Structures are given as structure tokens and as C-alpha cells.
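Q: What follows is a single structure, and I will ask about it in a moment.
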Amino acid sequence: MQEQQLEKLSLLVDDQLDNAQAVSMLKSVQRDPELQAKLQRYALISQALKGEQGSVASLDFSDKIKQQLQSEPVYFLPRKKSDDHIKKTSLAVAASVVLAVVGFYAGKMQNQVQPFAEVTAAAEHQMPVEQMNAQFNDYLQAHDNVWYVNNNVGVKSYARLASYQHN
Amino acid sequence: MRFLFVFLFFVSCAFANDDQTLSGQQWLEKVNHAMKSLNYHGTVVFMRHGQVDTMRYQHTFENGIETERLTSLNSPLREVTRQSNEISCLYKESQQKIETQHPIDRSFIVNLPLKPERLHDEYLFAVAGQEMIAMRPAQIIAVLPKDDLRYARKLWIDTASLLPLKVEVYGLDGKTLEQVLFTDLNVDLLNTHTDADQTAVDKSKHHQMVSQAEAFEKSPFELKKWPAGFEKIFFIRNTMQKSRKTVDHLLISDGFSSVSVYFEAKSEKSIEGLRTLGPVNSYSRVIDDLQVTALGEVPVQTVELVAKGVSLR
């Protein structure tokens, strides 16, 4: 069993274990200080064989860091109340401005939407564009014979329409 | 508009020829007569709403009858002929022929008032400088409206024949809306008309206009508002070329600009509002069961004013 674990540890160092086996092996290493020592040694051998520069932390490296942090003094510095107050006030003002802007544009959008709705409503009662163009051409030719000079196809293509609800 | 007016006025003053004896009004009167009475031909370029048409043009005046013939040089090939007030258009490729009748004689080149002296409150006729057009010396006459209800225009008049060589129409922003330009012009010396013929034609035309305009007073429609200087020219019941609908047609004009007012029964789908095609604007509205449309080569406010001036008796 021990040999199997050592073999797996070697495979772990060589990154040849699948995910499940690697996780399982790491959990074992976490529980077993002897395996941790083995892992450190294997890692050093592997780096030496690959010609990499070895840098292995000592086993109690993390414990030392933890102790260092615990010995650090804690400073309870009082915060300036006014800063907090200014922040809250600024946030409130910003929120109000945003609300006002959103409200203004919402109102404006409503006002803008209304005429388009009227146009849509008007369009339902209006002639199709082609029919309108045909009528426009008829009117043009009846208005002035000079429109016979123009190519009728051109007249159609240049016709522009701007219609709106009549109050 | 005011800027354009002032600008053109100063240009006209700056280029005014001190030796010039004819006033702007007199130039226009002479052009009007020359256009109708001379025989001439040439090549004309029409530039309207972004479209350019180059056509051979021929004008004849024989036995008191005025004939204009336009033949396109580019596709679609067509020939448009006006003999007095009868117009025919032959499309050469499809052999389609359209024949119609217009109540009054209207030139393909430019329309001018018979009595420009009546329009002094509406227009300033300024004698501007001279330029060469189609290798001919031309006198420029600026026709400047005194309100925003009509377009300004300039005429380049051949000083030898008194025929218009070039016409430009300007929008309210001063931009050119349309141009008509002779690239070559030849005046045929043999004229078969007499002054008596011309007088007879003018009299019959005047009679025709008056009787037709009077008919409008008996119609169920009323025009309460229209721009100053405009007169009722004719009122007829017309059948539209394509839709074959029967439409009552009133034409009002100040001689340069004209507005047609169309009255037809409102169909299930109506037209309301403004439409624009280059210099032409139209404004439609519905009065009860009547569809009213004012259309003309005038600014937007003019067609709107006329359309809104219509009521039922």
C-alpha cells in the first residue's frame, strides 16, 4: 500500500495522474506528514533531473506565515465621520440626478412616441405609397405639361413622402 | 430668403449696365413675345430634382399656332409635342403614345407673366450683368420675390433674339432647384406669322381663361386664402391620366409660379400632409368627404396656405 502510494506520488510529481487520482493523492498528502516530506523530495529530484532551478519551501513554511500574521499588531483607526456622510450625501444626490434624468427622458420619450403613434394610426387610413406616387404623378402632369419632359421612372424614384396626422 | 434677396439685389446693382435702357419689366415683356412668335431650334438641357435630360428643341409659330417639339437624345427615347394647348408624348421604344390637353398654353422652357407690371408688389425685376451662354451674349434679369411664398429665378436673355438662353430657379435657401439651359440656339429667319395672328391668339386665350375661372365661382368649393399676385387661371373637370379618376382642377398663378388645387371624392384611403419632389411641393387635407390637394412649384408654406384656404360653400 505504501509502495503504491509512493508510486502514485511519483506519478503526481510527473503530472501523470488523472484528475480524480491527483485530488485523492493530494488529500492523502495533506493528511500525512511523511508523504509531504516524500513529495518535497520527489519534487526536488524531478526539478534536478529536468535541469530546473529548485526552490522548495520548507514544510513549516505556511505555519510560519500564519504565526507571523498573528503576531502583527492591529490598528483600529477611527474613520472620519464626515467622509462617510459626504459619500452618502453624494450617493443620494447622484441617485436623485439619475432619477430626474431618467424621469425627464422617459417623459420626453412618451411625448416622442405619441406623434409616431399618430403617424402609424394615420398610415392605416392612408393610401399605399405606390398609389400615392401614382396620384402625385397624375397631379404633376395635370399641373404642368413640362412634366411630360421628364422621364416618369425618374419622377417616381425621386418622390419623397412626409405625411402626418392632420388635426 | 431675405439674404438671397439682398444679395441678388446688390449683385444686380453692381453689374447693372449704365447704358441699359430697358427695365427688367420691359425685358420680360420682350422675352415673352419673342418666345411665342419666333421660329427657333436648339439643344436644351433640363436639370430638375437631380435628373438631367438633354433634348432637341424646336419652336414654330405658323398661322397663329404655336408648336414646341422636344426630342430626347438619351433613353428613354421620347418625343413631346405641344401644339397650343394639346400635348402628345411618344415613347419611341415602346411606341406608347400619350395625348392630353392642357387648358392653357405653357412653354416647356419657362413661364412668364403676360403683364409683369401687375406684379410690382410681389417681385423686383432687376437688370443684372451680362454673360455668354451658348456663345451668345446674354442679359441677366433677376426675378426676386418680395415674400417667402415663391421662388427667385434668373433669366439669361439672348440680346440678339431676346429668347431665354438659360433659366435658374432658386429655393428659399438660395440653392438652385432647377435649370434649363440652351447649349446651342438657332433662330430661323423666316417667320410666317403676323402681329394680327398673335393678337387673335392672345384674345382667344384670355377669353378661355376668364370663362373657365368663372366656373369656379359656381362650384361647391371656395378658396378663401391665396398668395397676393396669384389669379384664378382656370377651373376644369379633368380625368387623370393613370388613375382615370375624375378630379376638379383649379389653377392659380402669378405668371411665374402656379399652384394647382385638386378636388376629388375621398376614397377609403386618403392622403394628408406634405409631399415634396424637388421644387414641387404638395399639401393634402380632407374636408368631409373631399380630398383636397394643393400642388405647385412653390415653397411648402404656399401650398399649405392654399390648401388650408379651401372650404366648402
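We label chains A, B, ... in the order they appear in the C-alpha cells, count residues from 1 in each chain, and number ligands from 1 in the order shown.
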Using only C-alpha atoms, which residues sit within 7 Å of region 216-230 of chain B once same-chain residues fewer than 4 positions away are excluded, as a CSV table (one decimal) with all heavy atoms, in the first residue's frame?
A:
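The result, written out as around-v9.csv:
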```csv
chain,number,residue,atom,x,y,z
B,119,LEU,N,-47.2,92.9,-61.1
B,119,LEU,CA,-46.5,92.1,-60.0
B,119,LEU,C,-45.4,92.9,-59.3
B,119,LEU,O,-44.6,92.3,-58.6
B,119,LEU,CB,-45.9,90.9,-60.6
B,119,LEU,CG,-46.8,89.8,-61.2
B,119,LEU,CD1,-46.1,88.8,-62.0
B,119,LEU,CD2,-47.6,89.2,-60.1
B,122,GLU,N,-45.1,92.1,-55.7
B,122,GLU,CA,-44.7,90.8,-55.3
B,122,GLU,C,-43.2,90.5,-55.8
B,122,GLU,O,-42.6,89.7,-55.1
B,122,GLU,CB,-45.6,89.7,-56.0
B,122,GLU,CG,-47.0,89.6,-55.3
B,122,GLU,CD,-47.9,90.8,-55.7
B,122,GLU,OE1,-47.8,91.2,-56.9
B,122,GLU,OE2,-48.7,91.2,-54.9
B,235,PHE,N,-60.6,76.6,-64.2
B,235,PHE,CA,-61.2,75.6,-63.3
B,235,PHE,C,-61.9,74.6,-64.2
B,235,PHE,O,-62.8,75.0,-65.0
B,235,PHE,CB,-62.2,76.2,-62.4
B,235,PHE,CG,-62.9,75.2,-61.5
B,235,PHE,CD1,-62.2,74.5,-60.5
B,235,PHE,CD2,-64.2,74.9,-61.7
B,235,PHE,CE1,-62.8,73.6,-59.7
B,235,PHE,CE2,-64.9,74.0,-60.9
B,235,PHE,CZ,-64.1,73.3,-59.9
B,252,ILE,N,-54.2,78.4,-60.1
B,252,ILE,CA,-53.9,79.8,-59.8
B,252,ILE,C,-52.5,80.1,-60.1
B,252,ILE,O,-51.6,79.2,-59.9
B,252,ILE,CB,-54.3,80.2,-58.3
B,252,ILE,CG1,-53.5,79.4,-57.3
B,252,ILE,CG2,-55.8,80.0,-58.1
B,252,ILE,CD1,-53.7,79.8,-55.9
B,253,SER,N,-52.2,81.3,-60.5
B,253,SER,CA,-50.8,81.6,-60.9
B,253,SER,C,-50.5,83.1,-60.8
B,253,SER,O,-51.4,83.9,-60.9
B,253,SER,CB,-50.6,81.1,-62.4
B,253,SER,OG,-49.3,81.5,-62.8
B,254,ASP,N,-49.3,83.4,-60.6
B,254,ASP,CA,-48.9,84.8,-60.7
B,254,ASP,C,-48.1,85.1,-62.0
B,254,ASP,O,-47.5,86.1,-62.1
B,254,ASP,CB,-48.0,85.2,-59.4
B,254,ASP,CG,-46.7,84.5,-59.3
B,254,ASP,OD1,-46.4,83.7,-60.3
B,254,ASP,OD2,-46.0,84.7,-58.4
B,305,LEU,N,-50.7,77.1,-47.3
B,305,LEU,CA,-51.6,78.2,-47.2
B,305,LEU,C,-52.8,78.1,-48.2
B,305,LEU,O,-54.0,78.3,-47.8
B,305,LEU,CB,-50.9,79.5,-47.6
B,305,LEU,CG,-51.7,80.8,-47.7
B,305,LEU,CD1,-52.0,81.4,-46.4
B,305,LEU,CD2,-51.0,81.8,-48.6
B,306,VAL,N,-52.6,77.6,-49.4
B,306,VAL,CA,-53.6,77.5,-50.4
B,306,VAL,C,-54.6,76.3,-49.9
B,306,VAL,O,-55.8,76.5,-49.9
B,306,VAL,CB,-53.1,77.2,-51.8
B,306,VAL,CG1,-54.2,76.9,-52.8
B,306,VAL,CG2,-52.3,78.4,-52.3
B,309,GLY,N,-56.7,77.3,-47.3
B,309,GLY,CA,-57.6,78.3,-47.6
B,309,GLY,C,-58.9,77.8,-48.3
B,309,GLY,O,-59.8,78.6,-48.6
B,310,VAL,N,-58.9,76.5,-48.5
B,310,VAL,CA,-60.1,75.9,-49.2
B,310,VAL,C,-61.2,75.6,-48.2
B,310,VAL,O,-60.9,75.1,-47.1
B,310,VAL,CB,-59.7,74.6,-50.0
B,310,VAL,CG1,-60.9,73.8,-50.5
B,310,VAL,CG2,-58.7,74.9,-51.1
B,311,SER,N,-62.4,75.9,-48.6
B,311,SER,CA,-63.6,75.5,-47.8
B,311,SER,C,-64.7,75.1,-48.7
B,311,SER,O,-64.7,75.4,-49.9
B,311,SER,CB,-63.9,76.6,-46.8
B,311,SER,OG,-64.3,77.8,-47.5
B,312,LEU,N,-65.8,74.6,-48.1
B,312,LEU,CA,-67.0,74.3,-48.9
B,312,LEU,C,-68.0,75.4,-48.8
B,312,LEU,O,-68.1,75.9,-47.7
B,312,LEU,CB,-67.5,72.9,-48.4
B,312,LEU,CG,-66.6,71.7,-48.6
B,312,LEU,CD1,-67.3,70.5,-48.0
B,312,LEU,CD2,-66.3,71.5,-50.1
B,313,ARG,N,-68.7,75.7,-49.8
B,313,ARG,CA,-69.7,76.7,-49.8
B,313,ARG,C,-70.9,76.3,-48.9
B,313,ARG,O,-71.2,75.1,-49.0
B,313,ARG,CB,-70.1,77.1,-51.2
B,313,ARG,CG,-69.1,77.8,-52.0
B,313,ARG,CD,-69.6,78.3,-53.3
B,313,ARG,NE,-68.6,78.4,-54.3
B,313,ARG,CZ,-67.8,79.5,-54.4
B,313,ARG,NH1,-68.0,80.5,-53.6
B,313,ARG,NH2,-66.9,79.6,-55.3
```
Q: Could you please tell me, as a list in words, which residues of chain B have an atom within 6 Å of chain A when using only C-alpha atoms?
A: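 My answer is Phe108, Met240, Gln241, Ser260, Lys269, Ser270, Ile271, Gly273, Leu274, Arg275, Thr276 and Leu277 of chain B.
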Q: Pull all heavy atoms from the residues just selected and write them as a short mmCIF file (atom, residue, chain, number, x, y, z; two decimals), in the first residue's frame.
A:
```cif
data_model
loop_
_atom_site.label_atom_id
_atom_site.label_comp_id
_atom_site.auth_asym_id
_atom_site.auth_seq_id
_atom_site.Cartn_x
_atom_site.Cartn_y
_atom_site.Cartn_z
N PHE B 108 -42.46 74.84 -72.51
CA PHE B 108 -41.59 73.85 -71.87
C PHE B 108 -40.35 74.52 -71.24
O PHE B 108 -39.71 73.96 -70.37
CB PHE B 108 -41.09 72.83 -72.90
CG PHE B 108 -42.16 71.87 -73.36
CD1 PHE B 108 -42.34 71.61 -74.71
CD2 PHE B 108 -42.98 71.21 -72.44
CE1 PHE B 108 -43.31 70.71 -75.14
CE2 PHE B 108 -43.94 70.32 -72.87
CZ PHE B 108 -44.11 70.07 -74.20
N MET B 240 -57.86 62.02 -64.72
CA MET B 240 -56.43 61.79 -64.51
C MET B 240 -55.89 60.74 -65.48
O MET B 240 -56.59 59.80 -65.83
CB MET B 240 -56.16 61.34 -63.07
CG MET B 240 -56.43 62.42 -62.03
SD MET B 240 -55.24 63.79 -62.07
CE MET B 240 -56.20 65.07 -62.84
N GLN B 241 -54.64 60.93 -65.89
CA GLN B 241 -54.03 60.12 -66.93
C GLN B 241 -53.97 58.63 -66.56
O GLN B 241 -54.33 57.78 -67.36
CB GLN B 241 -52.62 60.64 -67.20
CG GLN B 241 -51.98 60.12 -68.45
CD GLN B 241 -52.61 60.73 -69.69
OE1 GLN B 241 -52.81 61.92 -69.75
NE2 GLN B 241 -52.94 59.91 -70.67
N SER B 260 -51.75 74.29 -58.47
CA SER B 260 -52.98 73.57 -58.82
C SER B 260 -53.67 73.13 -57.55
O SER B 260 -53.01 72.66 -56.62
CB SER B 260 -52.65 72.33 -59.66
OG SER B 260 -52.30 72.69 -60.97
N LYS B 269 -58.94 55.14 -48.55
CA LYS B 269 -57.63 55.56 -48.05
C LYS B 269 -57.36 56.98 -48.55
O LYS B 269 -57.43 57.23 -49.74
CB LYS B 269 -56.53 54.62 -48.57
CG LYS B 269 -56.77 53.16 -48.26
CD LYS B 269 -56.16 52.76 -46.95
CE LYS B 269 -56.31 51.26 -46.71
NZ LYS B 269 -55.76 50.86 -45.42
N SER B 270 -57.05 57.86 -47.64
CA SER B 270 -56.86 59.26 -48.01
C SER B 270 -55.39 59.64 -47.93
O SER B 270 -54.54 58.89 -47.48
CB SER B 270 -57.68 60.14 -47.09
OG SER B 270 -57.23 59.96 -45.76
N ILE B 271 -55.11 60.86 -48.39
CA ILE B 271 -53.75 61.40 -48.28
C ILE B 271 -53.85 62.69 -47.45
O ILE B 271 -54.72 63.52 -47.71
CB ILE B 271 -53.17 61.75 -49.66
CG1 ILE B 271 -53.00 60.49 -50.50
CG2 ILE B 271 -51.82 62.45 -49.52
CD1 ILE B 271 -52.47 60.76 -51.89
N GLY B 273 -51.21 65.70 -45.55
CA GLY B 273 -49.87 66.17 -45.24
C GLY B 273 -49.09 66.64 -46.46
O GLY B 273 -49.66 66.90 -47.52
N LEU B 274 -47.81 66.68 -46.27
CA LEU B 274 -46.91 67.31 -47.24
C LEU B 274 -46.16 66.28 -48.07
O LEU B 274 -45.78 65.23 -47.57
CB LEU B 274 -45.92 68.17 -46.46
CG LEU B 274 -44.84 68.89 -47.24
CD1 LEU B 274 -45.44 70.04 -48.02
CD2 LEU B 274 -43.78 69.41 -46.29
N ARG B 275 -45.97 66.58 -49.33
CA ARG B 275 -45.12 65.77 -50.21
C ARG B 275 -44.21 66.71 -50.98
O ARG B 275 -44.61 67.82 -51.32
CB ARG B 275 -45.97 64.96 -51.20
CG ARG B 275 -46.76 63.84 -50.55
CD ARG B 275 -47.82 63.33 -51.51
NE ARG B 275 -47.25 62.72 -52.68
CZ ARG B 275 -46.85 61.45 -52.76
NH1 ARG B 275 -46.96 60.66 -51.72
NH2 ARG B 275 -46.36 60.96 -53.87
N THR B 276 -43.00 66.25 -51.24
CA THR B 276 -42.01 67.11 -51.90
C THR B 276 -41.33 66.36 -53.02
O THR B 276 -40.99 65.19 -52.86
CB THR B 276 -40.95 67.57 -50.88
OG1 THR B 276 -41.60 68.34 -49.87
CG2 THR B 276 -39.88 68.42 -51.53
N LEU B 277 -41.16 67.01 -54.15
CA LEU B 277 -40.38 66.45 -55.25
C LEU B 277 -39.61 67.61 -55.86
O LEU B 277 -40.15 68.38 -56.64
CB LEU B 277 -41.29 65.80 -56.29
CG LEU B 277 -40.59 65.29 -57.55
CD1 LEU B 277 -39.61 64.19 -57.23
CD2 LEU B 277 -41.60 64.81 -58.57
#
```
Q: Excluding Asn85 (chain B) and residues on its chain fewer than 5 positions from it, collect all residues at most 9 Å away from it, counting only C-alpha atoms, and give them as a list in words.
A: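 Within the cut-off, the hits are Glu66, Thr100, Gln101, His102, Pro103, Ile104, Asp105 and Arg106 of chain B.
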Q: Which value, in Å to one decimal, gives the distance between CA of Lys308 (chain B) and CA of Asp147 (chain B)?
A: 18.7 Å
Q: Given the choices B:Thr71, B:Gln130, B:Asn281, B:Ser107, which gets closest to Gln83 (chain B) if the distance is worked out from only C-alpha atoms?
A: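 Among the listed residues, B:Ser107 lies closest to Gln83 (chain B).
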Q: So what do you get for CA of Val187 (chain B) versus CA of Asn39 (chain B), distance-wise?
A: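 A separation of 6.2 Å between them.
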Q: Taking only C-alpha atoms into account, name the residue in B:Asp248, B:Glu178, B:Glu29, B:Glu131 that is nearest to Thr159 (chain B).
A: B:Glu131
Q: Rank nothing, just name the residue among B:Ser257, B:Ser88, B:Asn186, B:Ser243 nearest to Glu231 (chain B), using only C-alpha atoms.
A: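 Selected residue with least distance to Glu231 (chain B): B:Ser257.
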